[in-house]
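Colleague: Provided herewith: input30.cif, mmCIF, C-alpha atoms.
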```cif
data_upload
loop_
_atom_site.label_atom_id
_atom_site.label_comp_id
_atom_site.auth_asym_id
_atom_site.auth_seq_id
_atom_site.Cartn_x
_atom_site.Cartn_y
_atom_site.Cartn_z
CA MET A 1 -2.87 -11.18 -7.08
CA GLY A 2 0.35 -13.14 -7.62
CA GLU A 3 3.87 -12.56 -6.49
CA ALA A 4 6.91 -11.84 -8.70
CA LEU A 5 10.33 -13.16 -7.72
CA VAL A 6 13.53 -12.26 -9.54
CA ILE A 7 16.26 -14.93 -9.62
CA THR A 8 19.59 -13.13 -9.77
CA SER A 9 23.28 -13.60 -8.97
CA GLY A 10 25.57 -11.00 -10.50
CA LYS A 11 28.05 -13.60 -11.69
CA GLY A 12 27.16 -15.76 -14.67
CA GLY A 13 27.22 -19.53 -14.69
CA VAL A 14 26.11 -20.13 -11.10
CA GLY A 15 22.79 -21.70 -12.09
CA LYS A 16 20.19 -18.93 -12.28
CA THR A 17 18.40 -20.41 -15.28
CA THR A 18 18.46 -23.98 -13.94
CA THR A 19 17.14 -22.67 -10.62
CA THR A 20 14.36 -20.69 -12.29
CA ALA A 21 13.25 -23.70 -14.36
CA ASN A 22 13.31 -26.17 -11.47
CA VAL A 23 11.81 -24.01 -8.75
CA GLY A 24 9.11 -22.90 -11.18
CA ALA A 25 8.35 -26.48 -12.19
CA ALA A 26 8.24 -27.53 -8.53
CA LEU A 27 5.81 -24.72 -7.66
CA ALA A 28 3.56 -25.77 -10.55
CA MET A 29 3.70 -29.40 -9.34
CA LEU A 30 2.42 -28.12 -5.99
CA GLY A 31 -0.67 -26.96 -7.86
CA HIS A 32 0.12 -23.31 -8.57
CA GLN A 33 -0.16 -21.24 -11.74
CA VAL A 34 3.45 -20.36 -12.49
CA LEU A 35 4.93 -18.16 -15.21
CA LEU A 36 8.66 -18.15 -15.94
CA VAL A 37 9.91 -14.96 -17.59
CA ASP A 38 13.25 -15.02 -19.41
CA ALA A 39 14.61 -11.48 -18.97
CA ASP A 40 17.94 -12.27 -20.64
CA ILE A 41 17.16 -10.48 -23.89
CA GLY A 42 19.64 -11.36 -26.64
CA LEU A 43 20.93 -14.46 -24.85
CA ARG A 44 17.83 -16.49 -24.13
CA ASN A 45 18.39 -19.83 -22.46
CA LEU A 46 15.43 -20.65 -20.29
CA ASP A 47 13.56 -22.01 -23.35
CA VAL A 48 16.21 -24.68 -24.04
CA VAL A 49 16.62 -25.61 -20.38
CA MET A 50 12.83 -26.13 -20.32
CA GLY A 51 12.84 -27.96 -23.66
CA LEU A 52 10.36 -25.47 -25.14
CA GLU A 53 12.64 -23.89 -27.76
CA HIS A 54 10.69 -25.24 -30.74
CA ARG A 55 7.42 -23.70 -29.65
CA ILE A 56 8.37 -20.01 -29.53
CA VAL A 57 6.36 -17.75 -31.82
CA TYR A 58 6.41 -14.35 -30.12
CA ASP A 59 8.63 -13.11 -27.30
CA LEU A 60 8.88 -10.59 -24.45
CA VAL A 61 9.97 -7.73 -26.70
CA ASP A 62 7.07 -8.38 -29.10
CA VAL A 63 4.69 -8.11 -26.14
CA VAL A 64 6.26 -4.89 -24.84
CA GLU A 65 6.21 -3.35 -28.31
CA GLY A 66 2.55 -4.27 -28.72
CA LEU A 67 3.09 -6.63 -31.67
CA CYS A 68 1.07 -9.31 -29.89
CA LYS A 69 -0.91 -9.98 -26.72
CA TYR A 70 1.01 -11.63 -23.91
CA ARG A 71 -1.26 -14.66 -24.20
CA GLN A 72 0.07 -15.22 -27.73
CA ALA A 73 3.69 -15.17 -26.56
CA ILE A 74 3.32 -17.35 -23.46
CA ILE A 75 3.99 -21.07 -23.98
CA LYS A 76 2.28 -23.73 -21.89
CA ASP A 77 4.42 -26.62 -20.68
CA LYS A 78 2.73 -29.87 -21.73
CA ARG A 79 4.36 -32.07 -19.08
CA ILE A 80 3.58 -30.00 -15.98
CA ASP A 81 0.14 -28.53 -15.45
CA GLY A 82 0.16 -24.84 -14.52
CA LEU A 83 3.68 -24.12 -15.85
CA TYR A 84 4.16 -21.39 -18.47
CA LEU A 85 7.09 -19.60 -20.15
CA LEU A 86 7.40 -16.09 -21.56
CA PRO A 87 10.56 -16.31 -23.68
CA ALA A 88 13.10 -13.53 -24.23
CA ALA A 89 13.88 -12.15 -27.67
CA GLN A 90 17.03 -13.58 -29.21
CA THR A 91 17.76 -11.04 -31.93
CA ARG A 92 17.44 -7.88 -29.84
CA ASP A 93 19.43 -6.47 -26.92
CA LYS A 94 18.82 -5.27 -23.37
CA THR A 95 17.89 -1.76 -24.47
CA ALA A 96 14.80 -3.05 -26.34
CA VAL A 97 12.93 -2.93 -23.02
CA ASN A 98 13.09 -0.47 -20.11
CA PRO A 99 12.35 -0.93 -16.39
CA ARG A 100 9.07 1.03 -16.59
CA GLN A 101 7.72 -1.27 -19.32
CA MET A 102 8.79 -4.35 -17.36
CA ARG A 103 7.10 -3.09 -14.21
CA LYS A 104 3.85 -2.54 -16.12
CA LEU A 105 3.96 -5.94 -17.84
CA ILE A 106 4.78 -7.92 -14.67
CA GLY A 107 2.02 -6.02 -12.87
CA GLU A 108 -0.53 -7.17 -15.48
CA LEU A 109 0.76 -10.75 -15.42
CA LYS A 110 0.39 -10.92 -11.64
CA ASP A 111 -3.38 -10.81 -12.12
CA GLU A 112 -3.21 -14.12 -13.94
CA TYR A 113 -0.42 -16.11 -12.30
CA GLU A 114 0.25 -16.93 -8.65
CA TYR A 115 4.02 -16.99 -9.04
CA ILE A 116 6.11 -15.19 -11.63
CA LEU A 117 9.79 -16.16 -11.64
CA ILE A 118 12.00 -13.73 -13.55
CA ASP A 119 15.30 -15.17 -14.80
CA CYS A 120 17.74 -12.24 -14.54
CA PRO A 121 20.74 -11.92 -16.87
CA ALA A 122 24.27 -11.84 -15.41
CA GLY A 123 25.75 -8.42 -14.76
CA ILE A 124 24.51 -5.23 -13.14
CA GLU A 125 23.57 -3.15 -16.16
CA GLN A 126 20.25 -2.49 -17.86
CA GLY A 127 19.35 -6.19 -18.13
CA PHE A 128 19.57 -6.44 -14.35
CA ARG A 129 17.53 -3.28 -13.84
CA ASN A 130 14.85 -4.56 -16.24
CA ALA A 131 14.66 -7.91 -14.49
CA VAL A 132 14.31 -6.51 -10.97
CA ALA A 133 11.92 -3.70 -11.94
CA GLY A 134 8.68 -5.65 -11.53
CA ALA A 135 9.81 -7.98 -8.74
CA ASP A 136 8.35 -8.13 -5.24
CA ARG A 137 11.05 -10.42 -3.85
CA ALA A 138 14.58 -11.35 -4.83
CA VAL A 139 16.35 -14.68 -4.71
CA ILE A 140 20.13 -14.67 -5.04
CA VAL A 141 21.91 -17.74 -6.38
CA THR A 142 25.54 -18.28 -5.52
CA THR A 143 28.08 -21.09 -5.58
CA PRO A 144 30.71 -21.70 -2.87
CA GLU A 145 33.40 -19.69 -4.67
CA VAL A 146 35.05 -16.38 -3.85
CA ALA A 147 34.03 -14.69 -7.11
CA ALA A 148 30.39 -15.79 -6.92
CA VAL A 149 29.96 -14.76 -3.26
CA ARG A 150 31.64 -11.43 -3.92
CA ASP A 151 29.24 -10.71 -6.78
CA ALA A 152 26.29 -11.82 -4.64
CA ASP A 153 27.34 -9.24 -2.04
CA ARG A 154 27.38 -6.53 -4.68
CA ILE A 155 23.94 -7.58 -5.92
CA ILE A 156 22.51 -7.42 -2.39
CA GLY A 157 23.61 -3.77 -2.22
CA LEU A 158 22.09 -2.99 -5.62
CA LEU A 159 18.81 -4.69 -4.71
CA GLU A 160 18.56 -2.52 -1.61
CA ALA A 161 19.00 0.53 -3.80
CA GLU A 162 16.04 -0.76 -5.89
CA ASP A 163 14.05 -1.17 -2.67
CA LEU A 164 14.10 -4.96 -2.80
CA ARG A 165 14.96 -5.68 0.79
CA SER A 166 15.68 -8.96 2.56
CA PRO A 167 16.62 -11.06 -0.47
CA GLN A 168 17.08 -14.77 0.17
CA LEU A 169 20.04 -16.95 -0.76
CA ILE A 170 20.27 -20.23 -2.63
CA ILE A 171 23.68 -21.90 -2.38
CA ASN A 172 24.08 -23.98 -5.50
CA ARG A 173 26.42 -26.81 -6.45
CA ILE A 174 27.76 -27.52 -2.99
CA ARG A 175 29.93 -30.64 -2.70
CA ALA A 176 29.67 -32.36 0.66
CA ASN A 177 32.96 -34.23 0.42
CA MET A 178 34.90 -31.05 -0.33
CA VAL A 179 33.16 -29.18 2.51
CA LYS A 180 34.01 -32.06 4.83
CA ARG A 181 37.72 -31.88 4.11
CA GLY A 182 37.80 -28.09 4.33
CA ASP A 183 38.25 -27.39 0.63
CA MET A 184 34.93 -25.67 0.06
CA MET A 185 33.17 -22.93 2.02
CA ASP A 186 30.22 -24.32 3.90
CA ILE A 187 26.72 -22.94 4.38
CA SER A 188 27.40 -21.00 7.59
CA ASP A 189 30.55 -19.41 6.11
CA MET A 190 28.53 -17.87 3.30
CA ILE A 191 25.56 -16.89 5.45
CA ASP A 192 27.92 -15.15 7.91
CA ILE A 193 29.63 -13.23 5.13
CA LEU A 194 26.51 -12.17 3.22
CA ALA A 195 24.24 -11.77 6.26
CA ILE A 196 21.00 -12.69 4.46
CA GLY A 197 18.39 -15.39 4.92
CA LEU A 198 18.90 -18.85 3.47
CA LEU A 199 16.27 -20.21 1.09
CA GLY A 200 17.99 -23.46 0.23
CA VAL A 201 21.10 -25.45 -0.56
CA VAL A 202 21.39 -27.45 -3.78
CA PRO A 203 24.02 -30.19 -3.96
CA GLU A 204 26.17 -30.70 -7.04
CA ASP A 205 24.33 -33.36 -9.01
CA GLU A 206 25.21 -34.93 -12.35
CA TYR A 207 21.54 -35.38 -12.99
CA ILE A 208 21.27 -31.63 -13.63
CA VAL A 209 23.50 -32.08 -16.67
CA THR A 210 21.53 -35.03 -18.06
CA SER A 211 18.17 -33.41 -17.42
CA THR A 212 19.33 -30.19 -19.10
CA ASN A 213 20.58 -32.27 -22.04
CA LYS A 214 17.08 -33.65 -22.40
CA GLY A 215 15.36 -30.33 -21.75
CA GLU A 216 13.31 -31.45 -18.79
CA PRO A 217 13.37 -30.12 -15.22
CA ALA A 218 15.27 -32.24 -12.68
CA VAL A 219 12.38 -31.93 -10.23
CA LEU A 220 10.51 -34.49 -12.35
CA ASN A 221 13.04 -37.08 -11.20
CA SER A 222 12.36 -38.42 -7.73
CA VAL A 223 15.90 -39.75 -7.18
CA SER A 224 17.84 -36.58 -8.04
CA ARG A 225 19.10 -34.87 -4.87
CA ALA A 226 19.23 -31.50 -6.61
CA GLY A 227 15.64 -32.10 -7.70
CA GLN A 228 14.65 -32.81 -4.10
CA ALA A 229 16.44 -29.63 -2.96
CA TYR A 230 14.54 -27.58 -5.58
CA ARG A 231 11.22 -29.08 -4.49
CA ASN A 232 12.01 -28.08 -0.91
CA ILE A 233 12.90 -24.54 -2.03
CA ALA A 234 9.53 -24.27 -3.77
CA ARG A 235 7.76 -25.20 -0.53
CA ARG A 236 9.81 -22.64 1.42
CA ILE A 237 8.84 -19.96 -1.12
CA LYS A 238 5.21 -20.79 -0.28
CA GLY A 239 6.05 -20.15 3.37
CA GLU A 240 6.30 -23.74 4.58
CA GLU A 241 8.98 -24.68 7.09
CA VAL A 242 11.10 -27.37 5.45
CA PRO A 243 14.37 -28.52 7.05
CA LEU A 244 17.54 -28.48 4.94
CA LEU A 245 18.52 -31.74 3.29
CA PRO A 246 21.46 -33.28 5.12
CA LEU A 247 24.65 -32.71 3.16
CA GLU A 248 25.56 -36.17 1.95
CA SER A 249 28.93 -36.88 0.48
CA GLU A 250 28.92 -38.10 -3.09
CA GLU A 251 29.90 -41.54 -1.82
CA GLY A 252 26.49 -41.92 -0.24
CA PHE A 253 24.83 -45.17 0.70
CA ILE A 254 22.96 -45.60 -2.58
CA LYS A 255 26.09 -44.96 -4.67
CA ARG A 256 28.06 -47.45 -2.59
CA LEU A 257 25.28 -49.96 -3.07
CA PHE A 258 25.40 -49.44 -6.83
CA LYS A 259 29.16 -49.93 -6.71
CA VAL A 260 28.83 -53.19 -4.83
CA PHE A 261 26.51 -54.52 -7.51
CA GLY A 262 28.76 -53.20 -10.29
CA ARG A 263 26.06 -50.76 -11.36
CA MET B 1 52.67 -22.28 14.58
CA GLY B 2 52.86 -25.14 17.05
CA PHE B 3 55.48 -27.85 17.18
CA PHE B 4 53.23 -30.56 15.76
CA ASP B 5 51.91 -28.31 13.05
CA ARG B 6 55.46 -27.69 11.95
CA ILE B 7 56.34 -31.36 11.97
CA PHE B 8 53.32 -32.40 9.96
CA GLU B 9 53.29 -29.16 7.99
CA ARG B 10 49.51 -28.99 8.00
CA PRO B 11 48.62 -26.61 5.22
CA THR B 12 45.96 -23.94 5.67
CA LYS B 13 42.63 -25.28 4.50
CA SER B 14 41.73 -23.75 1.16
CA LYS B 15 38.28 -22.79 2.43
CA ASP B 16 39.90 -20.63 5.11
CA MET B 17 41.94 -18.90 2.44
CA ALA B 18 38.73 -18.33 0.47
CA LYS B 19 37.00 -16.84 3.53
CA GLU B 20 39.91 -14.54 4.37
CA ARG B 21 40.24 -13.31 0.79
CA LEU B 22 36.50 -12.71 0.63
CA ARG B 23 36.54 -10.83 3.93
CA LEU B 24 39.17 -8.40 2.66
CA VAL B 25 37.74 -7.94 -0.81
CA LEU B 26 34.28 -7.24 0.64
CA ILE B 27 35.59 -4.58 3.03
CA HIS B 28 37.01 -2.88 -0.01
CA ASP B 29 33.91 -3.43 -2.20
CA ARG B 30 31.39 -2.40 0.42
CA SER B 31 33.25 0.77 1.35
CA SER B 32 33.66 1.87 -2.22
CA VAL B 33 30.15 1.03 -3.40
CA SER B 34 28.84 4.55 -3.00
CA PRO B 35 30.51 7.94 -2.59
CA GLN B 36 27.85 8.81 -0.02
CA PHE B 37 29.20 6.16 2.32
CA LEU B 38 31.96 8.30 3.84
CA GLU B 39 29.68 11.33 3.93
CA MET B 40 27.18 9.34 6.00
CA ILE B 41 29.88 8.31 8.48
CA LYS B 42 31.15 11.88 8.58
CA GLY B 43 27.69 13.25 9.32
CA ASP B 44 27.15 10.78 12.16
CA LEU B 45 30.59 11.53 13.62
CA ILE B 46 29.87 15.26 13.61
CA GLU B 47 26.56 14.66 15.37
CA VAL B 48 28.19 12.71 18.19
CA ILE B 49 31.34 14.78 18.62
CA THR B 50 29.63 18.18 18.64
CA ARG B 51 27.82 17.13 21.81
CA TYR B 52 31.17 17.40 23.53
CA MET B 53 33.19 19.95 21.55
CA ASP B 54 33.10 22.48 18.76
CA ILE B 55 34.94 21.21 15.73
CA ASP B 56 36.14 22.68 12.47
CA GLU B 57 33.83 20.76 10.13
CA ARG B 58 35.30 22.23 6.96
CA ASN B 59 38.77 20.94 7.72
CA MET B 60 37.60 17.60 8.97
CA ASN B 61 38.85 14.54 7.11
CA VAL B 62 37.45 11.02 7.10
CA ASN B 63 39.08 8.39 4.95
CA LEU B 64 39.46 4.67 4.50
CA THR B 65 43.04 3.50 4.19
CA LYS B 66 43.70 0.08 2.78
CA ASP B 67 46.62 -2.22 2.36
CA GLU B 68 46.77 -5.93 1.59
CA GLU B 69 46.28 -6.98 5.19
CA SER B 70 43.82 -4.57 6.66
CA CYS B 71 41.51 -1.67 6.22
CA SER B 72 41.05 1.21 8.68
CA LEU B 73 38.96 4.29 9.07
CA VAL B 74 41.10 7.36 9.76
CA ALA B 75 39.46 10.58 10.94
CA SER B 76 41.21 13.88 11.47
CA ILE B 77 38.96 16.35 13.30
CA PRO B 78 40.34 19.78 14.28
CA ILE B 79 38.94 20.92 17.66
CA ILE B 80 38.01 24.56 18.12
CA ARG B 81 36.73 24.46 21.70
CA VAL B 82 35.84 21.82 24.26
CA LYS B 83 32.52 22.43 25.93
CA ARG B 84 32.59 22.98 29.67
CA GLY B 85 31.11 20.53 32.13
CA THR B 86 30.48 17.68 29.71
CA GLY B 87 33.42 15.60 30.89
#
```
What does the file become when written as structure tokens?
Modeller:
Amino acid sequence: MGEALVITSGKGGVGKTTTTANVGAALAMLGHQVLLVDADIGLRNLDVVMGLEHRIVYDLVDVVEGLCKYRQAIIKDKRIDGLYLLPAAQTRDKTAVNPRQMRKLIGELKDEYEYILIDCPAGIEQGFRNAVAGADRAVIVTTPEVAAVRDADRIIGLLEAEDLRSPQLIINRIRANMVKRGDMMDISDMIDILAIGLLGVVPEDEYIVTSTNKGEPAVLNSVSRAGQAYRNIARRIKGEEVPLLPLESEEGFIKRLFKVFGR
Amino acid sequence: MGFFDRIFERPTKSKDMAKERLRLVLIHDRSSVSPQFLEMIKGDLIEVITRYMDIDERNMNVNLTKDEESCSLVASIPIIRVKRGTG
């Protein structure tokens, strides 16, 4: 019997989809059977972040409506063993599915996969309620900004109302040099304010942009610091104790070395 | 503000401004999330206060007042009778 985690944030653009793709890929690389579910019906994105957009035949709504079996809709990633995607529908909207149907579907899928990561849409309306319906645990993604942390706080309250207690926080896109000079909230600031457990901290990393351009998860790259942070998060989800990566300013040793040799 | 601070005009760090703004906005957000919130506080207040006195529950008032700087909980609780021997 697997476990379903919803990746949510309230605010859009903080990195939910990137987090879902990378944490999922990292869990699969650790040898698990992992299914990523795109719950953002009408605005699907997880397929392009994963580079699987050309292989979609059926989608989540087709499965719920009984037009196909879930096995026909699920796409297997060819690069990473054990990684699968159930894409969202693009031409429908959030009302095409209801929380009861999602709960039933995720329940069935848990028999087959060890980890199900549900990529939640932004907002707090029906799309959110659908995405959290089948989840056993919640992961909240935020960035070190007032608006994102405020929305995360709201989401924590709504998750409690849905009986998803003790969600865990991922702080995304943190910039060590800005934290150092006092121009960005640091980890303890946000943990104090939100009063929830910390699952991981992902540094701002240009490699996320290039890997998304190519449609491949950053965790496949051994140099990417964001990739390393996502791999650590995957291990913490499994229950391992992994220390946080030290926050390194962008002018780190390796970068300086590259500069010395003119890149 | 200290003498040296004034001389060098050290500006407030922007992260401290972010934290302070968040603190205030969250007090507001959290207290207005559900209409049951004040009712829960009211119920607990009644439970504690009636150990010591009889109060007029119907004319009791519990409210949050907010301005830009702060947020306070204001309760107005009419007393009918103070119980003997509890003080």
Colleague: I'd like the residues picked by the PyMOL selection byres ((chain A) within 8 of (chain B)) written out as a PyMOL selection string, using the chain letters and numbers from the file.
Modeller: chain A and resi 145-146+149-150+153-154+182-185+189+193
Colleague: Could you spell out the hits of the PyMOL selection byres ((chain A and resi 46-63) around 7) on the shown file, as a VMD selection string?
Modeller: chain A and resid 17 to 18 21 38 44 to 45 64 to 70 72 to 73 86 to 89 96 to 97 212 215 to 217
Colleague: Skip Ser31 (chain B) itself and residues of its chain fewer than 6 positions away, then list as an mmCIF file with C-alpha atoms, in the frame of the given file all residues within 12 Å of it, counting all atoms listed in the file.
Modeller:
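Everything below was put into selection-v5.cif:
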```cif
data_model
loop_
_atom_site.group_PDB
_atom_site.id
_atom_site.type_symbol
_atom_site.label_atom_id
_atom_site.label_comp_id
_atom_site.auth_asym_id
_atom_site.auth_seq_id
_atom_site.Cartn_x
_atom_site.Cartn_y
_atom_site.Cartn_z
ATOM 1 C CA ARG A 154 27.380 -6.530 -4.680
ATOM 2 C CA GLY A 157 23.610 -3.770 -2.220
ATOM 3 C CA LEU B 24 39.170 -8.400 2.660
ATOM 4 C CA VAL B 25 37.740 -7.940 -0.810
ATOM 5 C CA PHE B 37 29.200 6.160 2.320
ATOM 6 C CA LEU B 38 31.960 8.300 3.840
ATOM 7 C CA GLU B 39 29.680 11.330 3.930
ATOM 8 C CA MET B 40 27.180 9.340 6.000
ATOM 9 C CA ILE B 41 29.880 8.310 8.480
ATOM 10 C CA ASN B 63 39.080 8.390 4.950
ATOM 11 C CA LEU B 64 39.460 4.670 4.500
ATOM 12 C CA THR B 65 43.040 3.500 4.190
ATOM 13 C CA LYS B 66 43.700 0.080 2.780
ATOM 14 C CA CYS B 71 41.510 -1.670 6.220
ATOM 15 C CA SER B 72 41.050 1.210 8.680
ATOM 16 C CA LEU B 73 38.960 4.290 9.070
#
```
Colleague: What lies within 7 Å of Pro203 (chain A) using only C-alpha atoms, ignoring chain neighbours under 6 positions off, as a VMD selection string?
Modeller: chain A and resid 172 to 175 225 to 226
Colleague: Would you please work out which residue, of A:Lys104, A:Arg165, A:His32, A:Lys11, is nearest to Leu83 (chain A) when using all atoms listed in the file?
Modeller: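 Nearest candidate to Leu83 (chain A) out of A:Lys104, A:Arg165, A:His32, A:Lys11: A:His32.
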Colleague: Write out as a list of chain:residue names each polymer residue whose atoms come within 8 Å of Thr8 (chain A), counting only C-alpha atoms; drop sequence neighbours fewer than 2 positions from it.
Modeller: A:Val6, A:Gly10, A:Lys16, A:Asp119, A:Cys120, A:Pro121, A:Ala122, A:Ala138, A:Val139, A:Ile140, A:Val141
Colleague: Grab the residues selected above and save them as a short mmCIF file (atom, residue, chain, number, x, y, z; two decimals), in the coordinates of the input with C-alpha atoms.
Modeller:
```
data_model
loop_
_atom_site.label_atom_id
_atom_site.label_comp_id
_atom_site.auth_asym_id
_atom_site.auth_seq_id
_atom_site.Cartn_x
_atom_site.Cartn_y
_atom_site.Cartn_z
CA VAL A 6 13.53 -12.26 -9.54
CA GLY A 10 25.57 -11.00 -10.50
CA LYS A 16 20.19 -18.93 -12.28
CA ASP A 119 15.30 -15.17 -14.80
CA CYS A 120 17.74 -12.24 -14.54
CA PRO A 121 20.74 -11.92 -16.87
CA ALA A 122 24.27 -11.84 -15.41
CA ALA A 138 14.58 -11.35 -4.83
CA VAL A 139 16.35 -14.68 -4.71
CA ILE A 140 20.13 -14.67 -5.04
CA VAL A 141 21.91 -17.74 -6.38
#
```
Colleague: Run the PyMOL selection byres ((chain B and resi 61) around 12) mentally over the shown coordinates, then write out the matched residues as a list in words, using the chain letters and numbers from the document.
Modeller: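 Applying the PyMOL selection byres ((chain B and resi 61) around 12) to the structure shown produces Leu38, Glu39, Ile41, Lys42, Gly43, Leu45, Ile46, Ile55, Asp56, Glu57, Arg58, Asn59, Met60, Val62, Asn63, Leu64, Leu73, Val74, Ala75, Ser76, Ile77 and Pro78 of chain B.
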Colleague: Just checking: using only C-alpha atoms, which residue out of A:Pro167, A:Gly134, A:Gly12, A:Gly227 ends up closest to Ile106 (chain A)?
Modeller: A:Gly134
Colleague: I'd like the interatomic distance between CA of Asp93 (chain A) and CA of Asn130 (chain A), to a tenth of an Å.
Modeller: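 Answer for the CA of Asp93 (chain A) to CA of Asn130 (chain A) separation: 11.8 Å.
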Colleague: Suppose you want the space between CA of Ala39 (chain A) and CA of Ala4 (chain A); what is it in Å?
Modeller: 12.8 Å
Colleague: Using CA of Asp136 (chain A) and CA of Leu5 (chain A) as the two end points, give the distance in Å to one decimal.
Modeller: 5.9 Å
Colleague: Find, counting all atoms listed in the file, the residue in A:Ile74, A:Leu109, A:Ile170, A:Val242 that gets nearest to Thr20 (chain A).
Modeller: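 Distance minimum relative to Thr20 (chain A) lands on A:Ile170.
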